[in-house]
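Working notes for the structure below.
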Amino acid sequence: MKKLKIIKMGHPTLRKVARELTLEEIHSGFIKNLIQDMYKAMQEATGIGLAAPQVNYSLSMALIDRNFDEPEDAPPQDPPYEVYINPKITVVDPTLSGHWEGCLSVPGLRGFVERPRHVRVDYLDQEGRPKSVEAQDFKAVVLQHELDHLIGKLYVDRITDRTKLLYEEEWESYLKENPKEEGKSLED
Ligand code: ZN
């Protein structure tokens, strides 16, 4: 196992469009190991998603924790993550829905981002099989956040109201003063 370092905003890899993987690459030991190492890095950082560019591989691949939206007493999923390779996103319902987002590559900050509330993602799984998933609400946010990493975008680029980009310490008191704005938040 290789210990991967999560790179931060300012590193050029986070701003590149990641290249797609070939089927041969998907079946390679290199990618299988990278998936394992990314899962470990994501767990250690307590993130719910991690995209390959965040560990300095400009490849079109992201992991999402499968247990993040399960009830706490639900049995753990096996494998505990989903792998999205060469994903393409389609907006199903463009109605915007806002959530507080954080990012392992932008540590210490939270920002309020509005995104389409319902999307479809066509992708390859870790065996190279074509898959399609529709997601709404929070799962749609997680997918859009992760897939943005594959096109060189960070959530901070998507914030329309810059007064809602806060340090985490301030965010907690901000929510106390603005309880209506509390909602689910994610960090990935
Ligand atoms: Zn992120």
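Labels used: A, B, ... for chains in the order of the structure tokens, numbers from 1 for residues in each chain, and numbers from 1 for ligands as shown.
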TODO: Identify, counting only C-alpha atoms and all ligand atoms, the protein, DNA and RNA residues located within 12 Å of ligand 1, and give them as a ChimeraX atom specification.
DONE: /A:6-9,14,42,45,47-55,62-64,101-107,109-111,141-157,186-188
Go through range 11-185 of chain A and collect every residue that DSSP, computed from the backbone, puts in strand (DSSP E); the answer should be as a PDB file with N, CA and C atoms, in the first residue's frame.
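Written output follows (result_33.pdb):
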ATOM      1  N   GLY A  49     -15.812  11.470  -0.211  1.00  0.00           N
ATOM      2  CA  GLY A  49     -15.478  11.259  -1.616  1.00  0.00           C
ATOM      3  C   GLY A  49     -14.056  11.722  -1.843  1.00  0.00           C
ATOM      4  N   LEU A  50     -13.445  11.181  -2.888  1.00  0.00           N
ATOM      5  CA  LEU A  50     -12.080  11.594  -3.225  1.00  0.00           C
ATOM      6  C   LEU A  50     -11.872  11.352  -4.712  1.00  0.00           C
ATOM      7  N   ALA A  51     -11.368  12.363  -5.391  1.00  0.00           N
ATOM      8  CA  ALA A  51     -11.124  12.250  -6.830  1.00  0.00           C
ATOM      9  C   ALA A  51      -9.621  12.086  -7.056  1.00  0.00           C
ATOM     10  N   MET A  61     -11.276   9.633 -12.507  1.00  0.00           N
ATOM     11  CA  MET A  61     -11.733   8.600 -11.581  1.00  0.00           C
ATOM     12  C   MET A  61     -11.995   9.218 -10.207  1.00  0.00           C
ATOM     13  N   ALA A  62     -13.104   8.814  -9.587  1.00  0.00           N
ATOM     14  CA  ALA A  62     -13.420   9.313  -8.241  1.00  0.00           C
ATOM     15  C   ALA A  62     -14.051   8.193  -7.419  1.00  0.00           C
ATOM     16  N   LEU A  63     -13.830   8.270  -6.124  1.00  0.00           N
ATOM     17  CA  LEU A  63     -14.431   7.313  -5.183  1.00  0.00           C
ATOM     18  C   LEU A  63     -15.447   8.048  -4.317  1.00  0.00           C
ATOM     19  N   ILE A  64     -16.526   7.348  -4.007  1.00  0.00           N
ATOM     20  CA  ILE A  64     -17.493   7.893  -3.046  1.00  0.00           C
ATOM     21  C   ILE A  64     -17.777   6.812  -2.012  1.00  0.00           C
ATOM     22  N   ASP A  65     -17.772   7.223  -0.764  1.00  0.00           N
ATOM     23  CA  ASP A  65     -18.081   6.298   0.329  1.00  0.00           C
ATOM     24  C   ASP A  65     -19.532   5.848   0.203  1.00  0.00           C
ATOM     25  N   TYR A  81     -17.091   1.433  -0.992  1.00  0.00           N
ATOM     26  CA  TYR A  81     -17.004   2.638  -1.829  1.00  0.00           C
ATOM     27  C   TYR A  81     -17.513   2.323  -3.238  1.00  0.00           C
ATOM     28  N   GLU A  82     -17.884   3.364  -3.939  1.00  0.00           N
ATOM     29  CA  GLU A  82     -18.236   3.262  -5.362  1.00  0.00           C
ATOM     30  C   GLU A  82     -17.114   3.925  -6.139  1.00  0.00           C
ATOM     31  N   VAL A  83     -16.791   3.361  -7.298  1.00  0.00           N
ATOM     32  CA  VAL A  83     -15.754   3.945  -8.150  1.00  0.00           C
ATOM     33  C   VAL A  83     -16.421   4.446  -9.422  1.00  0.00           C
ATOM     34  N   TYR A  84     -16.182   5.694  -9.746  1.00  0.00           N
ATOM     35  CA  TYR A  84     -16.723   6.312 -10.958  1.00  0.00           C
ATOM     36  C   TYR A  84     -15.555   6.604 -11.896  1.00  0.00           C
ATOM     37  N   ILE A  85     -15.545   5.887 -13.018  1.00  0.00           N
ATOM     38  CA  ILE A  85     -14.458   6.077 -13.984  1.00  0.00           C
ATOM     39  C   ILE A  85     -15.027   6.697 -15.260  1.00  0.00           C
ATOM     40  N   ASN A  86     -14.322   7.663 -15.813  1.00  0.00           N
ATOM     41  CA  ASN A  86     -14.722   8.383 -17.040  1.00  0.00           C
ATOM     42  C   ASN A  86     -16.183   8.853 -16.973  1.00  0.00           C
ATOM     43  N   PRO A  87     -16.605   9.437 -15.866  1.00  0.00           N
ATOM     44  CA  PRO A  87     -18.027   9.787 -15.728  1.00  0.00           C
ATOM     45  C   PRO A  87     -18.447  10.970 -16.601  1.00  0.00           C
ATOM     46  N   LYS A  88     -19.714  10.882 -17.048  1.00  0.00           N
ATOM     47  CA  LYS A  88     -20.332  11.996 -17.794  1.00  0.00           C
ATOM     48  C   LYS A  88     -21.598  12.360 -17.036  1.00  0.00           C
ATOM     49  N   ILE A  89     -21.771  13.655 -16.807  1.00  0.00           N
ATOM     50  CA  ILE A  89     -22.920  14.079 -16.003  1.00  0.00           C
ATOM     51  C   ILE A  89     -23.968  14.753 -16.878  1.00  0.00           C
ATOM     52  N   THR A  90     -25.237  14.451 -16.613  1.00  0.00           N
ATOM     53  CA  THR A  90     -26.349  15.085 -17.322  1.00  0.00           C
ATOM     54  C   THR A  90     -27.304  15.627 -16.271  1.00  0.00           C
ATOM     55  N   VAL A  91     -27.713  16.871 -16.441  1.00  0.00           N
ATOM     56  CA  VAL A  91     -28.664  17.458 -15.492  1.00  0.00           C
ATOM     57  C   VAL A  91     -30.072  16.967 -15.843  1.00  0.00           C
ATOM     58  N   VAL A  92     -30.761  16.382 -14.881  1.00  0.00           N
ATOM     59  CA  VAL A  92     -32.128  15.897 -15.084  1.00  0.00           C
ATOM     60  C   VAL A  92     -33.109  17.002 -14.687  1.00  0.00           C
ATOM     61  N   ASP A  93     -32.853  17.642 -13.557  1.00  0.00           N
ATOM     62  CA  ASP A  93     -33.686  18.755 -13.092  1.00  0.00           C
ATOM     63  C   ASP A  93     -32.756  19.903 -12.697  1.00  0.00           C
ATOM     64  N   PRO A  94     -32.801  21.014 -13.472  1.00  0.00           N
ATOM     65  CA  PRO A  94     -31.865  22.111 -13.203  1.00  0.00           C
ATOM     66  C   PRO A  94     -32.230  22.978 -11.997  1.00  0.00           C
ATOM     67  N   THR A  95     -33.348  22.677 -11.340  1.00  0.00           N
ATOM     68  CA  THR A  95     -33.698  23.459 -10.154  1.00  0.00           C
ATOM     69  C   THR A  95     -32.532  23.423  -9.166  1.00  0.00           C
ATOM     70  N   LEU A  96     -32.141  24.609  -8.690  1.00  0.00           N
ATOM     71  CA  LEU A  96     -30.964  24.657  -7.833  1.00  0.00           C
ATOM     72  C   LEU A  96     -31.306  24.325  -6.387  1.00  0.00           C
ATOM     73  N   SER A  97     -30.371  23.652  -5.751  1.00  0.00           N
ATOM     74  CA  SER A  97     -30.519  23.332  -4.338  1.00  0.00           C
ATOM     75  C   SER A  97     -29.173  23.634  -3.668  1.00  0.00           C
ATOM     76  N   GLY A  98     -29.224  24.296  -2.514  1.00  0.00           N
ATOM     77  CA  GLY A  98     -27.981  24.753  -1.883  1.00  0.00           C
ATOM     78  C   GLY A  98     -27.552  23.894  -0.707  1.00  0.00           C
ATOM     79  N   HIS A  99     -26.262  23.657  -0.610  1.00  0.00           N
ATOM     80  CA  HIS A  99     -25.682  22.914   0.514  1.00  0.00           C
ATOM     81  C   HIS A  99     -24.356  23.565   0.898  1.00  0.00           C
ATOM     82  N   TRP A 100     -23.982  23.348   2.139  1.00  0.00           N
ATOM     83  CA  TRP A 100     -22.644  23.755   2.583  1.00  0.00           C
ATOM     84  C   TRP A 100     -21.656  22.679   2.181  1.00  0.00           C
ATOM     85  N   GLU A 101     -20.609  23.090   1.483  1.00  0.00           N
ATOM     86  CA  GLU A 101     -19.613  22.124   1.042  1.00  0.00           C
ATOM     87  C   GLU A 101     -18.254  22.442   1.650  1.00  0.00           C
ATOM     88  N   GLY A 102     -17.493  21.383   1.812  1.00  0.00           N
ATOM     89  CA  GLY A 102     -16.105  21.514   2.201  1.00  0.00           C
ATOM     90  C   GLY A 102     -15.316  20.612   1.284  1.00  0.00           C
ATOM     91  N   CYS A 103     -14.003  20.681   1.353  1.00  0.00           N
ATOM     92  CA  CYS A 103     -13.202  19.878   0.436  1.00  0.00           C
ATOM     93  C   CYS A 103     -11.868  19.561   1.095  1.00  0.00           C
ATOM     94  N   VAL A 106      -9.311  21.860   0.169  1.00  0.00           N
ATOM     95  CA  VAL A 106      -9.482  23.255   0.608  1.00  0.00           C
ATOM     96  C   VAL A 106      -9.770  23.205   2.108  1.00  0.00           C
ATOM     97  N   PRO A 107      -8.804  22.731   2.908  1.00  0.00           N
ATOM     98  CA  PRO A 107      -9.103  22.453   4.314  1.00  0.00           C
ATOM     99  C   PRO A 107      -9.417  23.716   5.116  1.00  0.00           C
ATOM    100  N   GLY A 108     -10.338  23.537   6.078  1.00  0.00           N
ATOM    101  CA  GLY A 108     -10.611  24.629   7.012  1.00  0.00           C
ATOM    102  C   GLY A 108     -11.712  25.570   6.580  1.00  0.00           C
ATOM    103  N   LEU A 109     -12.221  25.401   5.365  1.00  0.00           N
ATOM    104  CA  LEU A 109     -13.246  26.323   4.862  1.00  0.00           C
ATOM    105  C   LEU A 109     -14.543  25.587   4.551  1.00  0.00           C
ATOM    106  N   ARG A 110     -15.618  26.353   4.590  1.00  0.00           N
ATOM    107  CA  ARG A 110     -16.928  25.850   4.162  1.00  0.00           C
ATOM    108  C   ARG A 110     -17.546  26.898   3.265  1.00  0.00           C
ATOM    109  N   GLY A 111     -18.282  26.423   2.258  1.00  0.00           N
ATOM    110  CA  GLY A 111     -18.931  27.377   1.361  1.00  0.00           C
ATOM    111  C   GLY A 111     -20.300  26.879   0.940  1.00  0.00           C
ATOM    112  N   PHE A 112     -21.203  27.839   0.737  1.00  0.00           N
ATOM    113  CA  PHE A 112     -22.574  27.497   0.348  1.00  0.00           C
ATOM    114  C   PHE A 112     -22.656  27.498  -1.178  1.00  0.00           C
ATOM    115  N   VAL A 113     -22.998  26.325  -1.727  1.00  0.00           N
ATOM    116  CA  VAL A 113     -22.991  26.154  -3.182  1.00  0.00           C
ATOM    117  C   VAL A 113     -24.368  25.688  -3.643  1.00  0.00           C
ATOM    118  N   GLU A 114     -24.851  26.316  -4.705  1.00  0.00           N
ATOM    119  CA  GLU A 114     -26.116  25.879  -5.286  1.00  0.00           C
ATOM    120  C   GLU A 114     -25.827  25.087  -6.560  1.00  0.00           C
ATOM    121  N   ARG A 115     -26.451  23.934  -6.645  1.00  0.00           N
ATOM    122  CA  ARG A 115     -26.249  23.058  -7.803  1.00  0.00           C
ATOM    123  C   ARG A 115     -27.583  22.456  -8.216  1.00  0.00           C
ATOM    124  N   PRO A 116     -27.661  21.976  -9.492  1.00  0.00           N
ATOM    125  CA  PRO A 116     -28.881  21.287  -9.917  1.00  0.00           C
ATOM    126  C   PRO A 116     -29.205  20.129  -8.964  1.00  0.00           C
ATOM    127  N   ARG A 117     -30.488  19.987  -8.668  1.00  0.00           N
ATOM    128  CA  ARG A 117     -30.837  19.038  -7.612  1.00  0.00           C
ATOM    129  C   ARG A 117     -30.955  17.579  -8.071  1.00  0.00           C
ATOM    130  N   HIS A 118     -30.974  17.357  -9.377  1.00  0.00           N
ATOM    131  CA  HIS A 118     -31.171  15.988  -9.873  1.00  0.00           C
ATOM    132  C   HIS A 118     -30.287  15.784 -11.110  1.00  0.00           C
ATOM    133  N   VAL A 119     -29.414  14.826 -11.040  1.00  0.00           N
ATOM    134  CA  VAL A 119     -28.482  14.577 -12.159  1.00  0.00           C
ATOM    135  C   VAL A 119     -28.429  13.082 -12.483  1.00  0.00           C
ATOM    136  N   ARG A 120     -27.940  12.809 -13.679  1.00  0.00           N
ATOM    137  CA  ARG A 120     -27.646  11.413 -14.041  1.00  0.00           C
ATOM    138  C   ARG A 120     -26.157  11.332 -14.358  1.00  0.00           C
ATOM    139  N   VAL A 121     -25.537  10.262 -13.953  1.00  0.00           N
ATOM    140  CA  VAL A 121     -24.116  10.069 -14.255  1.00  0.00           C
ATOM    141  C   VAL A 121     -23.947   8.727 -14.974  1.00  0.00           C
ATOM    142  N   ASP A 122     -23.337   8.784 -16.155  1.00  0.00           N
ATOM    143  CA  ASP A 122     -22.976   7.568 -16.895  1.00  0.00           C
ATOM    144  C   ASP A 122     -21.480   7.383 -16.716  1.00  0.00           C
ATOM    145  N   TYR A 123     -21.069   6.191 -16.376  1.00  0.00           N
ATOM    146  CA  TYR A 123     -19.661   5.972 -16.015  1.00  0.00           C
ATOM    147  C   TYR A 123     -19.290   4.514 -16.184  1.00  0.00           C
ATOM    148  N   LEU A 124     -18.040   4.198 -15.938  1.00  0.00           N
ATOM    149  CA  LEU A 124     -17.589   2.807 -15.883  1.00  0.00           C
ATOM    150  C   LEU A 124     -17.275   2.485 -14.431  1.00  0.00           C
ATOM    151  N   PRO A 130     -20.127  -0.486 -18.085  1.00  0.00           N
ATOM    152  CA  PRO A 130     -20.888   0.774 -18.150  1.00  0.00           C
ATOM    153  C   PRO A 130     -22.025   0.765 -17.135  1.00  0.00           C
ATOM    154  N   LYS A 131     -22.154   1.869 -16.432  1.00  0.00           N
ATOM    155  CA  LYS A 131     -23.211   1.999 -15.420  1.00  0.00           C
ATOM    156  C   LYS A 131     -23.848   3.365 -15.565  1.00  0.00           C
ATOM    157  N   SER A 132     -25.029   3.484 -14.976  1.00  0.00           N
ATOM    158  CA  SER A 132     -25.728   4.764 -14.988  1.00  0.00           C
ATOM    159  C   SER A 132     -26.429   4.918 -13.653  1.00  0.00           C
ATOM    160  N   VAL A 133     -26.365   6.089 -13.088  1.00  0.00           N
ATOM    161  CA  VAL A 133     -27.040   6.299 -11.808  1.00  0.00           C
ATOM    162  C   VAL A 133     -27.723   7.660 -11.828  1.00  0.00           C
ATOM    163  N   GLU A 134     -28.911   7.697 -11.244  1.00  0.00           N
ATOM    164  CA  GLU A 134     -29.579   8.995 -11.061  1.00  0.00           C
ATOM    165  C   GLU A 134     -29.472   9.350  -9.590  1.00  0.00           C
ATOM    166  N   ALA A 135     -29.219  10.613  -9.323  1.00  0.00           N
ATOM    167  CA  ALA A 135     -29.072  11.018  -7.934  1.00  0.00           C
ATOM    168  C   ALA A 135     -29.764  12.347  -7.714  1.00  0.00           C
ATOM    169  N   GLN A 136     -30.353  12.463  -6.534  1.00  0.00           N
ATOM    170  CA  GLN A 136     -31.031  13.701  -6.163  1.00  0.00           C
ATOM    171  C   GLN A 136     -30.464  14.204  -4.842  1.00  0.00           C
ATOM    172  N   LEU A 165     -18.608  32.049   2.121  1.00  0.00           N
ATOM    173  CA  LEU A 165     -17.378  31.252   2.136  1.00  0.00           C
ATOM    174  C   LEU A 165     -16.706  31.585   3.460  1.00  0.00           C
ATOM    175  N   LEU A 166     -16.685  30.600   4.363  1.00  0.00           N
ATOM    176  CA  LEU A 166     -16.312  30.882   5.753  1.00  0.00           C
ATOM    177  C   LEU A 166     -15.255  29.916   6.263  1.00  0.00           C
ATOM    178  N   TYR A 167     -14.504  30.358   7.247  1.00  0.00           N
ATOM    179  CA  TYR A 167     -13.659  29.416   7.977  1.00  0.00           C
ATOM    180  C   TYR A 167     -14.558  28.566   8.863  1.00  0.00           C
ATOM    181  N   SER A 185     -24.149  19.050   5.308  1.00  0.00           N
ATOM    182  CA  SER A 185     -22.937  19.564   4.693  1.00  0.00           C
ATOM    183  C   SER A 185     -22.032  18.381   4.378  1.00  0.00           C
TER     184      SER A 185
END
- [ ] Would you kindly return, as an MDAnalysis selection string, each protein, DNA or RNA residue with an atom no farther than 7 Å from any atom of range 22-29 of chain A, considering only C-alpha atoms and excluding same-chain residues fewer than 2 positions away?
- [x] chainID A and resid 20 31:33 126:128
Task: DSSP-assigned alpha helix (DSSP H) among range 5-187 of chain A, expressed as an MDAnalysis selection string - done: chainID A and resid 23:26 29:44 137:149 168:177
Written selection (N, CA and C atoms) as a short mmCIF file (atom, residue, chain, number, x, y, z; two decimals), in the first residue's frame:
data_model
loop_
_atom_site.label_atom_id
_atom_site.label_comp_id
_atom_site.auth_asym_id
_atom_site.auth_seq_id
_atom_site.Cartn_x
_atom_site.Cartn_y
_atom_site.Cartn_z
N LEU A 23 -9.79 0.84 -21.03
CA LEU A 23 -10.22 -0.39 -20.36
C LEU A 23 -9.01 -1.18 -19.87
N GLU A 24 -7.95 -1.16 -20.68
CA GLU A 24 -6.73 -1.88 -20.28
C GLU A 24 -6.19 -1.31 -18.97
N GLU A 25 -6.21 0.02 -18.86
CA GLU A 25 -5.74 0.64 -17.62
C GLU A 25 -6.64 0.27 -16.44
N ILE A 26 -7.97 0.27 -16.70
CA ILE A 26 -8.91 -0.04 -15.61
C ILE A 26 -8.62 -1.43 -15.03
N GLY A 29 -3.11 -3.59 -12.58
CA GLY A 29 -2.79 -3.59 -11.15
C GLY A 29 -2.57 -2.17 -10.64
N PHE A 30 -2.05 -1.33 -11.50
CA PHE A 30 -1.78 0.06 -11.08
C PHE A 30 -3.07 0.74 -10.62
N ILE A 31 -4.12 0.64 -11.44
CA ILE A 31 -5.39 1.30 -11.08
C ILE A 31 -6.05 0.60 -9.88
N LYS A 32 -5.98 -0.72 -9.85
CA LYS A 32 -6.58 -1.44 -8.71
C LYS A 32 -5.90 -1.00 -7.40
N ASN A 33 -4.60 -0.88 -7.44
CA ASN A 33 -3.87 -0.42 -6.25
C ASN A 33 -4.21 1.03 -5.92
N LEU A 34 -4.31 1.84 -6.98
CA LEU A 34 -4.63 3.26 -6.75
C LEU A 34 -5.99 3.40 -6.06
N ILE A 35 -6.96 2.58 -6.47
CA ILE A 35 -8.29 2.62 -5.85
C ILE A 35 -8.18 2.28 -4.35
N GLN A 36 -7.44 1.23 -4.05
CA GLN A 36 -7.27 0.85 -2.63
C GLN A 36 -6.59 1.97 -1.83
N ASP A 37 -5.55 2.54 -2.43
CA ASP A 37 -4.81 3.59 -1.73
C ASP A 37 -5.67 4.85 -1.56
N MET A 38 -6.50 5.14 -2.59
CA MET A 38 -7.38 6.31 -2.48
C MET A 38 -8.43 6.08 -1.40
N TYR A 39 -8.93 4.86 -1.31
CA TYR A 39 -9.94 4.59 -0.29
C TYR A 39 -9.34 4.80 1.11
N LYS A 40 -8.11 4.33 1.27
CA LYS A 40 -7.45 4.48 2.56
C LYS A 40 -7.24 5.97 2.89
N ALA A 41 -6.79 6.72 1.90
CA ALA A 41 -6.55 8.16 2.10
C ALA A 41 -7.86 8.88 2.46
N MET A 42 -8.94 8.46 1.78
CA MET A 42 -10.25 9.09 2.03
C MET A 42 -10.72 8.79 3.45
N GLN A 43 -10.54 7.55 3.87
CA GLN A 43 -10.94 7.16 5.22
C GLN A 43 -10.14 7.92 6.28
N GLU A 44 -8.84 7.96 6.06
CA GLU A 44 -7.97 8.64 7.04
C GLU A 44 -8.32 10.11 7.17
N ASP A 137 -30.74 15.49 -4.61
CA ASP A 137 -30.41 16.10 -3.33
C ASP A 137 -28.95 15.87 -2.93
N PHE A 138 -28.72 15.32 -1.73
CA PHE A 138 -27.36 15.30 -1.21
C PHE A 138 -26.42 14.44 -2.06
N LYS A 139 -26.92 13.30 -2.51
CA LYS A 139 -26.07 12.44 -3.36
C LYS A 139 -25.71 13.17 -4.66
N ALA A 140 -26.66 13.95 -5.17
CA ALA A 140 -26.39 14.73 -6.39
C ALA A 140 -25.28 15.77 -6.13
N VAL A 141 -25.27 16.33 -4.92
CA VAL A 141 -24.23 17.30 -4.55
C VAL A 141 -22.87 16.61 -4.52
N VAL A 142 -22.83 15.46 -3.86
CA VAL A 142 -21.57 14.73 -3.72
C VAL A 142 -21.01 14.38 -5.10
N LEU A 143 -21.87 13.86 -5.96
CA LEU A 143 -21.41 13.49 -7.30
C LEU A 143 -20.91 14.71 -8.08
N GLN A 144 -21.66 15.79 -8.03
CA GLN A 144 -21.25 16.97 -8.80
C GLN A 144 -19.94 17.55 -8.25
N HIS A 145 -19.80 17.54 -6.94
CA HIS A 145 -18.55 18.04 -6.32
C HIS A 145 -17.36 17.19 -6.80
N GLU A 146 -17.52 15.86 -6.72
CA GLU A 146 -16.42 14.97 -7.12
C GLU A 146 -16.10 15.09 -8.60
N LEU A 147 -17.16 15.11 -9.41
CA LEU A 147 -16.93 15.14 -10.86
C LEU A 147 -16.35 16.48 -11.31
N ASP A 148 -16.64 17.53 -10.56
CA ASP A 148 -15.99 18.82 -10.83
C ASP A 148 -14.46 18.70 -10.72
N HIS A 149 -13.99 17.89 -9.77
CA HIS A 149 -12.54 17.72 -9.62
C HIS A 149 -11.90 17.18 -10.90
N GLU A 168 -14.14 27.30 9.06
CA GLU A 168 -14.99 26.38 9.82
C GLU A 168 -15.35 26.91 11.20
N GLU A 169 -14.38 27.55 11.88
CA GLU A 169 -14.66 28.06 13.24
C GLU A 169 -15.79 29.09 13.21
N GLU A 170 -15.78 29.91 12.17
CA GLU A 170 -16.81 30.95 12.05
C GLU A 170 -18.12 30.35 11.57
N TRP A 171 -18.02 29.30 10.76
CA TRP A 171 -19.20 28.66 10.18
C TRP A 171 -20.12 28.14 11.28
N GLU A 172 -19.51 27.55 12.34
CA GLU A 172 -20.33 27.02 13.41
C GLU A 172 -21.15 28.12 14.08
N SER A 173 -20.52 29.25 14.36
CA SER A 173 -21.31 30.33 14.99
C SER A 173 -22.25 30.98 13.98
N TYR A 174 -21.86 31.00 12.72
CA TYR A 174 -22.74 31.54 11.67
C TYR A 174 -24.05 30.75 11.62
N LEU A 175 -23.93 29.42 11.71
CA LEU A 175 -25.14 28.59 11.65
C LEU A 175 -26.01 28.79 12.88
N LYS A 176 -25.37 29.05 14.03
CA LYS A 176 -26.16 29.30 15.24
C LYS A 176 -26.98 30.57 15.06
N GLU A 177 -26.38 31.54 14.40
CA GLU A 177 -27.08 32.82 14.21
C GLU A 177 -28.05 32.77 13.03
#
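CA of Lys16 in chain A sits 26.0 Å away from CA of Met1 in chain A.
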- [ ] Figure out the distance between CA of Ile159 in chain A and CA of Gly10 in chain A, please, to one decimal in Å.
- [x]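 So the answer is 17.5 Å.
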Task: Two-atom distance - CA of Leu21 in chain A, CA of Ser60 in chain A (Å) - done: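 One can read the CA of Leu21 in chain A to CA of Ser60 in chain A distance as 6.6 Å.
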